[in-house]
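Engineer: For reference, this is work.txt, and it has compact mmCIF, C-alpha atoms and all ligand atoms.
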```txt
# COMPACT_ATOMS: atom_id res chain seq x y z
CA MET A 137 -7.05 -0.26 -18.03
CA ILE A 138 -9.68 -1.31 -15.48
CA PRO A 139 -10.53 -5.02 -15.79
CA SER A 140 -14.11 -5.77 -16.81
CA ASP A 141 -16.57 -7.84 -14.87
CA ALA A 142 -15.83 -10.72 -17.24
CA ASP A 143 -12.06 -10.38 -16.57
CA TYR A 144 -12.63 -10.66 -12.82
CA ALA A 145 -15.01 -13.59 -13.28
CA ARG A 146 -12.45 -15.42 -15.41
CA ALA A 147 -9.69 -14.68 -12.86
CA VAL A 148 -11.79 -16.09 -10.01
CA GLU A 149 -12.69 -19.13 -12.09
CA LEU A 150 -9.01 -19.80 -12.82
CA LEU A 151 -7.98 -19.35 -9.18
CA CYS A 152 -10.75 -21.69 -7.99
CA ALA A 153 -9.61 -24.26 -10.58
CA GLY A 154 -6.06 -24.16 -9.18
CA GLU A 155 -4.60 -22.07 -12.01
CA LEU A 156 -2.37 -18.98 -11.95
CA VAL A 157 -3.39 -15.34 -12.45
CA GLY A 158 -1.13 -12.30 -12.87
CA LEU A 159 -2.41 -9.42 -10.76
CA PRO A 160 -1.45 -5.80 -10.13
CA THR A 161 -0.59 -4.58 -6.64
CA GLU A 162 0.56 -1.10 -5.60
CA THR A 163 4.15 -2.40 -5.20
CA VAL A 164 4.83 -4.77 -8.13
CA TYR A 165 2.74 -7.27 -10.12
CA GLY A 166 2.17 -10.62 -8.45
CA LEU A 167 1.76 -14.17 -9.76
CA GLY A 168 -1.23 -15.45 -7.80
CA ALA A 169 -2.68 -18.84 -6.87
CA ASP A 170 -5.17 -20.12 -4.27
CA ALA A 171 -2.99 -20.14 -1.13
CA ALA A 172 -4.95 -23.04 0.40
CA ASN A 173 -4.29 -25.31 -2.61
CA PRO A 174 -0.76 -26.81 -2.56
CA GLN A 175 -1.00 -28.02 -6.19
CA ALA A 176 -1.89 -24.53 -7.34
CA VAL A 177 0.94 -23.02 -5.29
CA ALA A 178 3.38 -25.52 -6.82
CA LYS A 179 2.57 -24.03 -10.23
CA ILE A 180 3.90 -20.65 -9.03
CA PHE A 181 7.30 -22.18 -8.27
CA ALA A 182 7.35 -24.01 -11.61
CA ALA A 183 6.44 -20.85 -13.59
CA LYS A 184 9.02 -18.70 -11.83
CA GLY A 185 11.79 -21.28 -11.69
CA ARG A 186 11.98 -20.50 -7.97
CA PRO A 187 13.41 -22.88 -5.33
CA ALA A 188 10.56 -24.54 -3.41
CA ASP A 189 11.84 -23.64 0.06
CA HIS A 190 11.22 -19.92 -0.51
CA PRO A 191 8.08 -18.80 1.35
CA LEU A 192 5.33 -16.80 -0.38
CA ILE A 193 3.23 -13.87 0.81
CA VAL A 194 -0.49 -14.57 1.26
CA HIS A 195 -2.65 -11.65 0.12
CA LEU A 196 -5.96 -11.13 1.93
CA ALA A 197 -9.07 -9.01 1.32
CA GLY A 198 -9.01 -7.59 4.85
CA HIS A 199 -7.96 -7.91 8.51
CA ASP A 200 -10.83 -10.31 9.24
CA ALA A 201 -9.01 -13.15 7.52
CA VAL A 202 -5.78 -12.81 9.55
CA ASP A 203 -6.79 -15.20 12.36
CA HIS A 204 -7.58 -17.90 9.84
CA TRP A 205 -3.93 -17.91 8.67
CA ALA A 206 -1.97 -16.77 11.73
CA GLU A 207 -2.04 -17.48 15.47
CA GLN A 208 -0.63 -15.69 18.52
CA VAL A 209 -0.87 -12.41 16.62
CA PRO A 210 0.75 -9.82 18.91
CA ALA A 211 -1.01 -6.51 19.67
CA ILE A 212 1.72 -4.60 17.88
CA ALA A 213 0.98 -6.49 14.65
CA TRP A 214 -2.69 -5.45 14.85
CA GLU A 215 -1.56 -1.85 15.29
CA LEU A 216 0.66 -2.07 12.21
CA MET A 217 -2.25 -3.53 10.19
CA GLU A 218 -4.54 -0.70 11.39
CA SER A 219 -1.99 1.90 10.32
CA PHE A 220 -0.67 0.52 7.03
CA TRP A 221 -3.24 -1.88 5.50
CA PRO A 222 -4.34 -1.86 2.80
CA GLY A 223 -0.80 -1.01 1.77
CA PRO A 224 2.80 -2.02 1.05
CA LEU A 225 3.53 -3.81 4.34
CA THR A 226 3.93 -7.58 4.83
CA LEU A 227 3.80 -9.03 8.35
CA ILE A 228 5.46 -12.32 9.28
CA LEU A 229 3.36 -14.10 11.91
CA LYS A 230 3.15 -17.56 13.52
CA LYS A 231 1.14 -19.70 11.12
CA GLN A 232 -1.94 -21.78 11.85
CA ALA A 233 -1.10 -25.49 11.72
CA TRP A 234 -3.21 -26.11 8.58
CA VAL A 235 -1.37 -23.58 6.37
CA PRO A 236 0.36 -25.58 3.60
CA ASP A 237 4.16 -26.00 3.70
CA ALA A 238 4.09 -25.12 0.00
CA VAL A 239 3.23 -21.54 1.03
CA THR A 240 5.55 -21.18 4.01
CA GLY A 241 8.56 -23.04 2.65
CA GLY A 242 8.17 -25.40 5.63
CA GLN A 243 8.62 -22.61 8.18
CA ASP A 244 6.33 -22.14 11.19
CA THR A 245 5.48 -18.59 10.09
CA VAL A 246 3.40 -17.05 7.30
CA GLY A 247 3.71 -13.70 5.50
CA LEU A 248 0.41 -11.77 5.21
CA ARG A 249 -0.52 -8.57 3.39
CA VAL A 250 -3.66 -6.67 2.39
CA PRO A 251 -2.57 -4.88 -0.79
CA GLY A 252 -3.56 -1.28 -1.52
CA HIS A 253 -4.37 -1.65 -5.24
CA PRO A 254 -8.09 -1.44 -6.11
CA VAL A 255 -7.84 -4.25 -8.70
CA ALA A 256 -6.05 -6.58 -6.27
CA LEU A 257 -8.63 -5.81 -3.57
CA GLU A 258 -11.57 -6.35 -5.92
CA LEU A 259 -10.10 -9.68 -7.05
CA LEU A 260 -9.47 -10.74 -3.43
CA ARG A 261 -13.05 -9.84 -2.43
CA ARG A 262 -14.55 -11.74 -5.35
CA PHE A 263 -12.27 -14.71 -4.73
CA ALA A 264 -13.30 -14.73 -1.06
CA ARG A 265 -16.97 -14.68 -2.08
CA ALA A 266 -16.42 -17.70 -4.33
CA GLN A 267 -13.99 -19.70 -2.23
CA GLY A 268 -14.83 -18.82 1.37
CA GLU A 269 -14.56 -15.59 3.27
CA ARG A 270 -11.03 -16.03 4.50
CA ALA A 271 -9.49 -17.24 1.26
CA GLY A 272 -6.10 -15.84 0.33
CA ILE A 273 -4.01 -15.49 -2.81
CA ALA A 274 -0.37 -16.54 -2.53
CA ALA A 275 1.63 -14.27 -4.82
CA PRO A 276 5.31 -13.62 -5.28
CA SER A 277 6.47 -10.95 -7.71
CA ALA A 278 5.58 -12.11 -11.24
CA ASN A 279 9.14 -12.35 -12.60
CA ARG A 280 11.39 -15.29 -13.40
CA PHE A 281 13.49 -16.14 -10.33
CA GLY A 282 16.22 -13.58 -9.63
CA ARG A 283 15.11 -11.17 -12.34
CA ILE A 284 13.66 -7.66 -12.32
CA SER A 285 10.20 -7.42 -10.72
CA PRO A 286 7.41 -6.35 -13.12
CA THR A 287 5.66 -3.03 -12.63
CA THR A 288 3.32 -3.22 -15.66
CA ALA A 289 1.14 -5.98 -17.13
CA ALA A 290 3.38 -5.97 -20.23
CA HIS A 291 6.40 -6.78 -18.03
CA VAL A 292 4.55 -9.81 -16.64
CA ALA A 293 3.78 -11.04 -20.15
CA GLU A 294 7.46 -10.55 -21.05
CA GLU A 295 8.61 -12.51 -17.97
CA LEU A 296 6.12 -15.36 -17.96
CA GLY A 297 4.34 -15.39 -21.35
CA GLU A 298 2.35 -18.59 -21.82
CA ARG A 299 3.06 -19.76 -18.29
CA VAL A 300 0.25 -17.54 -16.98
CA PRO A 301 -3.21 -17.95 -18.55
CA LEU A 302 -4.51 -14.49 -17.50
CA ILE A 303 -2.95 -11.19 -16.47
CA LEU A 304 -5.23 -8.54 -14.99
CA ASP A 305 -4.05 -5.12 -16.14
CA GLY A 306 -4.18 -2.47 -13.42
CA GLY A 307 -1.79 0.02 -15.00
CA ALA A 308 1.68 0.92 -13.74
CA CYS A 309 2.39 0.14 -10.07
CA LYS A 310 2.38 3.25 -7.87
CA VAL A 311 5.14 2.26 -5.45
CA GLY A 312 7.39 0.33 -7.85
CA ILE A 313 9.40 -1.75 -5.34
CA GLU A 314 8.29 -4.68 -3.16
CA SER A 315 6.56 -4.31 0.21
CA THR A 316 8.37 -3.67 3.47
CA ILE A 317 8.54 -6.95 5.43
CA VAL A 318 8.30 -6.83 9.24
CA ASP A 319 8.73 -10.02 11.26
CA CYS A 320 6.31 -9.92 14.23
CA SER A 321 6.74 -13.61 15.12
CA ARG A 322 9.74 -13.23 17.43
CA GLY A 323 8.65 -10.69 20.03
CA GLU A 324 10.33 -7.49 18.98
CA PRO A 325 9.39 -6.45 15.39
CA VAL A 326 12.29 -6.76 12.93
CA VAL A 327 12.46 -5.34 9.40
CA LEU A 328 13.50 -8.14 7.01
CA ARG A 329 13.14 -6.18 3.75
CA PRO A 330 13.18 -2.37 3.44
CA GLY A 331 10.47 -0.75 1.33
CA HIS A 332 8.20 2.25 0.86
CA ILE A 333 7.07 2.00 4.50
CA SER A 334 10.26 3.20 6.14
CA PRO A 335 11.73 2.65 9.62
CA GLN A 336 10.53 6.19 10.45
CA HIS A 337 6.95 5.32 9.46
CA LEU A 338 7.17 2.20 11.64
CA GLU A 339 8.74 4.11 14.51
CA ALA A 340 5.69 6.39 14.64
CA ILE A 341 3.57 3.34 15.52
CA LEU A 342 6.07 1.21 17.45
CA GLY A 343 7.36 4.09 19.59
CA ARG A 344 10.95 3.28 18.69
CA CYS A 345 13.02 2.53 15.65
CA PRO A 346 12.64 -1.15 14.66
CA LYS A 347 15.59 -3.49 14.39
CA ILE A 348 16.66 -4.00 10.79
CA GLU A 349 17.97 -7.40 9.76
CA THR A 350 18.33 -7.77 6.00
CA ALA A 351 20.11 -11.07 6.56
CA GLN A 352 22.83 -12.64 4.49
CA GLY A 353 22.98 -16.43 4.79
CA ALA A 354 19.82 -18.55 4.88
CA PRO A 355 17.15 -17.25 2.50
CA ARG A 356 14.26 -16.71 4.94
CA VAL A 357 13.48 -13.80 2.63
CA SER A 358 14.27 -14.63 -0.98
CA GLY A 359 14.97 -10.96 -1.64
CA SER A 360 17.76 -11.33 0.90
CA LEU A 361 19.81 -13.51 -1.41
CA GLU A 362 22.67 -11.36 -2.66
CA ALA A 363 21.78 -11.72 -6.34
CA HIS A 364 18.26 -10.51 -7.07
CA TYR A 365 16.20 -8.00 -9.06
CA ALA A 366 18.88 -8.36 -11.70
CA PRO A 367 19.22 -7.44 -15.41
CA LEU A 368 21.06 -9.70 -17.84
CA THR A 369 23.39 -6.83 -18.77
CA PRO A 370 26.24 -6.28 -16.28
CA LEU A 371 25.44 -3.43 -13.86
CA ARG A 372 27.89 -1.22 -11.97
CA LEU A 373 27.37 1.40 -9.31
CA VAL A 374 29.69 4.39 -9.77
CA SER A 375 29.95 7.41 -7.45
CA GLY A 376 28.74 10.81 -8.66
CA GLU A 377 32.26 12.29 -8.64
CA ARG A 378 33.66 9.52 -10.81
CA LEU A 379 30.68 9.16 -13.15
CA LEU A 380 31.74 11.37 -16.09
CA ASP A 381 35.36 10.14 -16.03
CA PHE A 382 34.15 6.56 -15.92
CA LEU A 383 31.77 7.08 -18.86
CA ASN A 384 34.48 8.87 -20.88
CA ALA A 385 36.83 5.96 -20.32
CA GLN A 386 34.13 3.54 -21.51
CA ARG A 387 33.58 5.67 -24.61
CA HIS A 388 37.32 5.63 -25.49
CA ARG A 389 37.23 1.88 -25.20
CA GLY A 390 34.23 1.73 -27.57
CA GLY A 391 31.87 0.58 -24.81
CA ARG A 392 28.21 1.66 -24.89
CA CYS A 393 26.62 2.24 -21.53
CA GLY A 394 23.09 2.66 -20.24
CA VAL A 395 23.28 5.36 -17.59
CA ILE A 396 20.87 5.78 -14.68
CA SER A 397 21.38 8.99 -12.75
CA ALA A 398 19.26 11.28 -10.58
CA ASN A 399 21.65 14.25 -10.84
CA GLN A 400 23.61 14.18 -14.03
CA PRO A 401 21.69 14.99 -17.24
CA ALA A 402 22.67 13.32 -20.55
CA GLN A 403 26.07 14.42 -21.86
CA LEU A 404 26.30 15.60 -25.45
CA GLY A 405 28.66 13.61 -27.61
CA MET A 406 28.55 10.49 -25.49
CA PRO A 407 27.33 7.31 -27.18
CA HIS A 408 25.51 6.24 -24.06
CA THR A 409 21.77 5.79 -23.46
CA TRP A 410 20.68 7.99 -20.61
CA ARG A 411 17.88 7.75 -18.07
CA LEU A 412 17.48 10.78 -15.80
CA MET A 413 15.68 9.67 -12.64
CA PRO A 414 13.55 11.62 -10.13
CA ALA A 415 15.81 13.05 -7.42
CA ASP A 416 13.56 11.91 -4.55
CA PRO A 417 13.51 8.30 -3.26
CA VAL A 418 9.78 7.77 -3.82
CA GLY A 419 9.90 8.88 -7.45
CA TYR A 420 13.14 6.97 -7.98
CA ALA A 421 11.59 3.75 -6.62
CA HIS A 422 8.58 4.22 -8.88
CA ASP A 423 10.78 4.39 -12.02
CA LEU A 424 13.59 2.02 -11.03
CA TYR A 425 12.54 -1.40 -12.37
CA GLY A 426 11.17 0.06 -15.61
CA ALA A 427 14.46 1.89 -16.19
CA LEU A 428 16.51 -1.26 -15.51
CA ARG A 429 14.29 -3.27 -17.85
CA ASP A 430 14.48 -0.65 -20.65
CA LEU A 431 18.26 -0.43 -20.45
CA ASP A 432 18.52 -4.21 -20.34
CA HIS A 433 16.77 -4.17 -23.75
CA ALA A 434 18.79 -1.26 -25.16
CA GLY A 435 21.68 -3.42 -26.37
CA VAL A 436 24.29 -1.66 -24.19
CA ASP A 437 27.44 -3.36 -22.86
CA LEU A 438 27.09 -2.08 -19.32
CA ILE A 439 24.44 -0.45 -17.14
CA VAL A 440 26.04 2.28 -15.05
CA VAL A 441 24.07 3.57 -12.06
CA GLU A 442 25.16 6.67 -10.21
CA ALA A 443 25.50 5.68 -6.54
CA LEU A 444 22.66 6.94 -4.33
CA PRO A 445 22.77 9.21 -1.29
CA THR A 446 23.35 7.26 1.92
CA GLY A 447 20.33 8.62 3.88
CA ALA A 448 17.77 6.29 5.51
CA ASP A 449 15.07 7.39 3.06
CA TRP A 450 17.15 5.94 0.20
CA ALA A 451 17.72 2.58 1.94
CA ALA A 452 15.01 0.61 0.08
CA VAL A 453 16.15 1.56 -3.45
CA ALA A 454 19.83 1.28 -2.46
CA ASP A 455 19.09 -2.29 -1.29
CA ARG A 456 17.49 -3.21 -4.66
CA LEU A 457 20.35 -1.67 -6.65
CA ARG A 458 23.05 -3.43 -4.64
CA ARG A 459 21.36 -6.78 -5.28
CA ALA A 460 20.76 -5.95 -8.94
CA ALA A 461 24.51 -5.29 -9.32
CA ALA A 462 25.36 -8.57 -7.53
CA GLY A 463 23.11 -10.64 -9.79
CA SER A 464 23.62 -8.84 -13.10
CA GLY A 465 25.20 -10.18 -16.26
CA VAL A 466 24.24 -13.82 -15.63
CA ALA A 467 22.41 -15.15 -18.68
O1 LIG A 501 5.25 -6.23 -2.64
C1 LIG A 501 5.34 -7.45 -2.48
O2 LIG A 501 5.59 -7.98 -1.39
C2 LIG A 501 5.09 -8.32 -3.72
C3 LIG A 501 3.63 -8.19 -4.14
C4 LIG A 501 3.26 -9.11 -5.26
O3 LIG A 501 2.82 -8.39 -3.01
N1 LIG A 501 5.43 -9.68 -3.47
C5 LIG A 501 6.69 -10.09 -3.32
O4 LIG A 501 6.80 -11.47 -3.19
O5 LIG A 501 7.66 -9.35 -3.33
P1 LIG A 501 8.19 -12.24 -3.29
O6 LIG A 501 7.86 -13.68 -3.14
O7 LIG A 501 8.89 -11.82 -4.50
O8 LIG A 501 8.88 -11.79 -2.00
C6 LIG A 501 8.25 -12.12 -0.78
C7 LIG A 501 9.24 -12.20 0.30
C8 LIG A 501 10.21 -13.29 -0.01
O9 LIG A 501 11.49 -12.73 0.09
C9 LIG A 501 9.92 -14.31 1.06
O10 LIG A 501 11.07 -15.00 1.45
C10 LIG A 501 9.37 -13.45 2.18
O11 LIG A 501 8.59 -12.51 1.51
N2 LIG A 501 8.56 -14.25 3.07
C11 LIG A 501 7.35 -14.79 2.85
N3 LIG A 501 6.95 -15.53 3.89
C12 LIG A 501 7.93 -15.47 4.81
C13 LIG A 501 8.13 -16.03 6.10
N4 LIG A 501 7.23 -16.84 6.65
N5 LIG A 501 9.27 -15.73 6.75
C14 LIG A 501 10.19 -14.92 6.20
N6 LIG A 501 10.06 -14.36 4.98
C15 LIG A 501 8.95 -14.63 4.29
MG MG A 502 10.37 -11.28 -5.85
```
Could you render the structure from this file as structure tokens?
Ligand code: TXA
Ligand code: MG

Structural biologist:
Amino acid sequence: MIPSDADYARAVELLCAGELVGLPTETVYGLGADAANPQAVAKIFAAKGRPADHPLIVHLAGHDAVDHWAEQVPAIAWELMESFWPGPLTLILKKQAWVPDAVTGGQDTVGLRVPGHPVALELLRRFARAQGERAGIAAPSANRFGRISPTTAAHVAEELGERVPLILDGGACKVGIESTIVDCSRGEPVVLRPGHISPQHLEAILGRCPKIETAQGAPRVSGSLEAHYAPLTPLRLVSGERLLDFLNAQRHRGGRCGVISANQPAQLGMPHTWRLMPADPVGYAHDLYGALRDLDHAGVDLIVVEALPTGADWAAVADRLRRAAAGSGVA
């Protein structure tokens, strides 16, 4: 599972030559390119089928590189880095003038993150040794635009196939959903995308609960488009009380469902494919994209997900499921 020396050397060689590399992070797999090379970054958009005005996250080997990419970094951002890097937190900061528009989608800010996966960190360190100490890897999630993010190397191969010359295999992603995004470029920190690092975690550092703005409208954050993280099979959220009645009705109609539930074990006699999920939000997040992907391949007519509890600790997975439902069933 651990890449060899030769794998890393090949990955660095490809990145330096302006080519793409699939890489593991602790959240989801990324599709990486040299963030300082606009032609290389353009290949990311082409491979994903992603609109070019969507900004990318730049991954760095450590805090030391931040000033090379961002300016006017507020004290609070440094505190967040100290507390959560390496880890699943992306900070939006004012960009340095030289940072290519290809990376920032033409905005005056840049998203930065030091990932917590040992393979990602080793690759970033080796890339920095080859390309200059403050080099960064621009990497969105390694899925086709709008689809389910990959949490294994096999998922990346399934999504992108020949479009990516090398995928480093770092095993299954620990967190399973994308990083928390906090905008520190506008004074008061604002959460743009919920994730494993929760508002409560942030509050412990900020001294108060951050504003949360998972905007509709303009896609400053591509994950904030309504339709995202979506299977090809239609997906519906159904409340726990209605679940069994709903599934029975589907059965009478001859419909086969893929069921995702954290509470309700598989029902005997039902023709449905069942996926019992961990009942805690961290375990649920870890399994979510794999479960969606499996059921999308199971040949069912409908994916039925039991609605989640409403608590703040479920917000990040609830966000992904709502968007998956909005974007599902579109071939
Ligand atoms: O966990 C993650 O963040 C993964 C791994 C690979 O690091 N990456 C990821 O990338 O989820 P992507 O491109 O799928 O989502 C990155 C999000 C996008 O929604 C993008 O709009 C937002 O970050 N973003 C990047 N730069 C931004 C900026 N300057 N202002 C606002 N949003 C930004
Ligand atoms: Mg993505």

Engineer: List all protein, DNA and RNA residues that have an atom no more than 6 Å from any atom of ligand LIG 501 (chain A), counting all atoms listed in the file, and report them as a PyMOL selection string.

Structural biologist: chain A and resi 163-166+190-193+228+240+245-247+275-277+314-315+356-359

Engineer: Identify, on the basis of all atoms listed in the file, every residue whose closest approach to A:Arg249 does not exceed 10 Å; exclude the query and any residue fewer than 5 positions from it along the same chain; express the result as a list in words.

Structural biologist: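 Residues near the query, excluding close chain neighbours: Ile193, Val194, His195, Leu196, Ala197, Gly198, His199, Val202, Met217, Phe220, Trp221, Pro222, Gly223, Pro224, Leu225, Thr226, Leu227, Ile228, Gly272, Ile273, Ala274, Ser315 and Ile317 of chain A.
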
Engineer: Output C-alpha atoms for every residue in that selection, as an mmCIF file, keeping the file's coordinate frame.

Structural biologist:
```cif
data_model
loop_
_atom_site.group_PDB
_atom_site.id
_atom_site.type_symbol
_atom_site.label_atom_id
_atom_site.label_comp_id
_atom_site.auth_asym_id
_atom_site.auth_seq_id
_atom_site.Cartn_x
_atom_site.Cartn_y
_atom_site.Cartn_z
ATOM 1 C CA ILE A 193 3.230 -13.870 0.810
ATOM 2 C CA VAL A 194 -0.490 -14.570 1.260
ATOM 3 C CA HIS A 195 -2.650 -11.650 0.120
ATOM 4 C CA LEU A 196 -5.960 -11.130 1.930
ATOM 5 C CA ALA A 197 -9.070 -9.010 1.320
ATOM 6 C CA GLY A 198 -9.010 -7.590 4.850
ATOM 7 C CA HIS A 199 -7.960 -7.910 8.510
ATOM 8 C CA VAL A 202 -5.780 -12.810 9.550
ATOM 9 C CA MET A 217 -2.250 -3.530 10.190
ATOM 10 C CA PHE A 220 -0.670 0.520 7.030
ATOM 11 C CA TRP A 221 -3.240 -1.880 5.500
ATOM 12 C CA PRO A 222 -4.340 -1.860 2.800
ATOM 13 C CA GLY A 223 -0.800 -1.010 1.770
ATOM 14 C CA PRO A 224 2.800 -2.020 1.050
ATOM 15 C CA LEU A 225 3.530 -3.810 4.340
ATOM 16 C CA THR A 226 3.930 -7.580 4.830
ATOM 17 C CA LEU A 227 3.800 -9.030 8.350
ATOM 18 C CA ILE A 228 5.460 -12.320 9.280
ATOM 19 C CA GLY A 272 -6.100 -15.840 0.330
ATOM 20 C CA ILE A 273 -4.010 -15.490 -2.810
ATOM 21 C CA ALA A 274 -0.370 -16.540 -2.530
ATOM 22 C CA SER A 315 6.560 -4.310 0.210
ATOM 23 C CA ILE A 317 8.540 -6.950 5.430
#
```

Engineer: Which residues come within 12 Å of A:Gln403, counting all atoms listed in the file, excluding same-chain residues fewer than 6 positions away, as a list in words?

Structural biologist: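 Once the adjacent positions are removed, what remains is Leu379, Leu380, Asp381, Leu383, Asn384, Arg387, Val395, Ser397, Thr409, Trp410, Arg411 and Leu412 of chain A.
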
Engineer: I want to know what sits within 12 Å of A:Asp237, based on all atoms listed in the file, with residues of the same chain fewer than 6 positions away left out; could you give that as a PyMOL selection string?

Structural biologist: chain A and resi 171-175+177-178+188-192+231+243-246

Engineer: Do you have the atom CA of A:Trp450-atom CA of A:Ile284 distance handy?

Structural biologist: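 Separating atom CA of A:Trp450 from atom CA of A:Ile284 is a distance of 18.8 Å.
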
Engineer: Using all atoms listed in the file for the distances, tell me which of A:Lys310, A:Arg146, A:His253, A:His364 is nearest to ligand MG 502 (chain A).

Structural biologist: A:His364

Engineer: Using all atoms listed in the file, which protein or nucleic acid residues come within 12 Å of A:Gln267? Drop anything in the same chain fewer than 3 positions from it, and give the result as a list in words.

Structural biologist: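 Surrounding residues, per the criterion: Val148, Glu149, Leu150, Leu151, Cys152, Ala153, Gly154, Asp170, Ala171, Ala172, Asn173, Leu259, Leu260, Arg261, Arg262, Phe263, Ala264, Arg270, Ala271, Gly272 and Ile273 of chain A.
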
Engineer: Could you state the separation of atom CA of A:Cys393 and atom CA of A:Asp437 in Å, given to one decimal place?

Structural biologist: 5.8 Å

Engineer: Between A:Val157, A:Ala147, A:Ala278, A:Leu342, which has the minimum distance to A:Glu295 (counting only C-alpha atoms)?

Structural biologist: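 Answer, going by the shortest atom-to-atom distance: A:Ala278.
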
Engineer: Using all atoms listed in the file for the distances, tell me which of A:Pro301, A:Gly390, A:Gly331, A:Gly282 is nearest to ligand MG 502 (chain A).

Structural biologist: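 Closest to ligand MG 502 (chain A), using all atoms listed in the file: A:Gly282.
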
Engineer: Pull the neighbourhood of (9.9, -18.6, -11.4) for me: all residues within 9 Å in file coordinates, counting only C-alpha atoms, as a list in words.

Structural biologist: Ile180, Phe181, Ala182, Ala183, Lys184, Gly185, Arg186, Pro187, Ala278, Asn279, Arg280, Phe281, Gly282 and Leu296 of chain A

Engineer: When you count only C-alpha atoms and all ligand atoms, which of these residues is closest to ligand MG 502 (chain A): A:Met137, A:Val250, A:Ile313, A:Ala448?

Structural biologist: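 So, comparing all the options, the nearest one is A:Ile313.
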
Engineer: Mind giving me the straight-line distance from atom CA of A:Asp305 to atom CA of A:Gly158 in Å, one decimal?

Structural biologist: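 Straight-line distance from atom CA of A:Asp305 to atom CA of A:Gly158 works out to 8.4 Å.
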
Engineer: What would the list of residues within 7 Å of (3.3, -13.7, 18.8) (file frame) look like as a PyMOL selection string, if all atoms listed in the file are what count?

Structural biologist: chain A and resi 208-210+229-230+320-323

Engineer: Just checking: using all atoms listed in the file, which residue out of A:Tyr420, A:Tyr365, A:Trp214, A:Phe382 ends up closest to ligand MG 502 (chain A)?

Structural biologist: A:Tyr365

Engineer: Quick one: residues within 12 Å of A:Ala340, all atoms listed in the file, excluding same-chain residues fewer than 4 positions away - as a PyMOL selection string?

Structural biologist: chain A and resi 215-216+219-220+333-336+344-346

Engineer: How would the residues just chosen look if you wrote them out with C-alpha atoms as a tab-separated table (two decimals), keeping the file's coordinate frame?

Structural biologist:
```
chain	number	residue	atom	x	y	z
A	215	GLU	CA	-1.56	-1.85	15.29
A	216	LEU	CA	0.66	-2.07	12.21
A	219	SER	CA	-1.99	1.90	10.32
A	220	PHE	CA	-0.67	0.52	7.03
A	333	ILE	CA	7.07	2.00	4.50
A	334	SER	CA	10.26	3.20	6.14
A	335	PRO	CA	11.73	2.65	9.62
A	336	GLN	CA	10.53	6.19	10.45
A	344	ARG	CA	10.95	3.28	18.69
A	345	CYS	CA	13.02	2.53	15.65
A	346	PRO	CA	12.64	-1.15	14.66
```

Engineer: Select, from A:Thr369, A:Gln232, A:Ser464, A:Thr161, the residue with the minimum atom-to-atom distance to A:Ala434, counting all atoms listed in the file.

Structural biologist: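 Of A:Thr369, A:Gln232, A:Ser464, A:Thr161, the one nearest A:Ala434 is A:Thr369, counting all atoms listed in the file.
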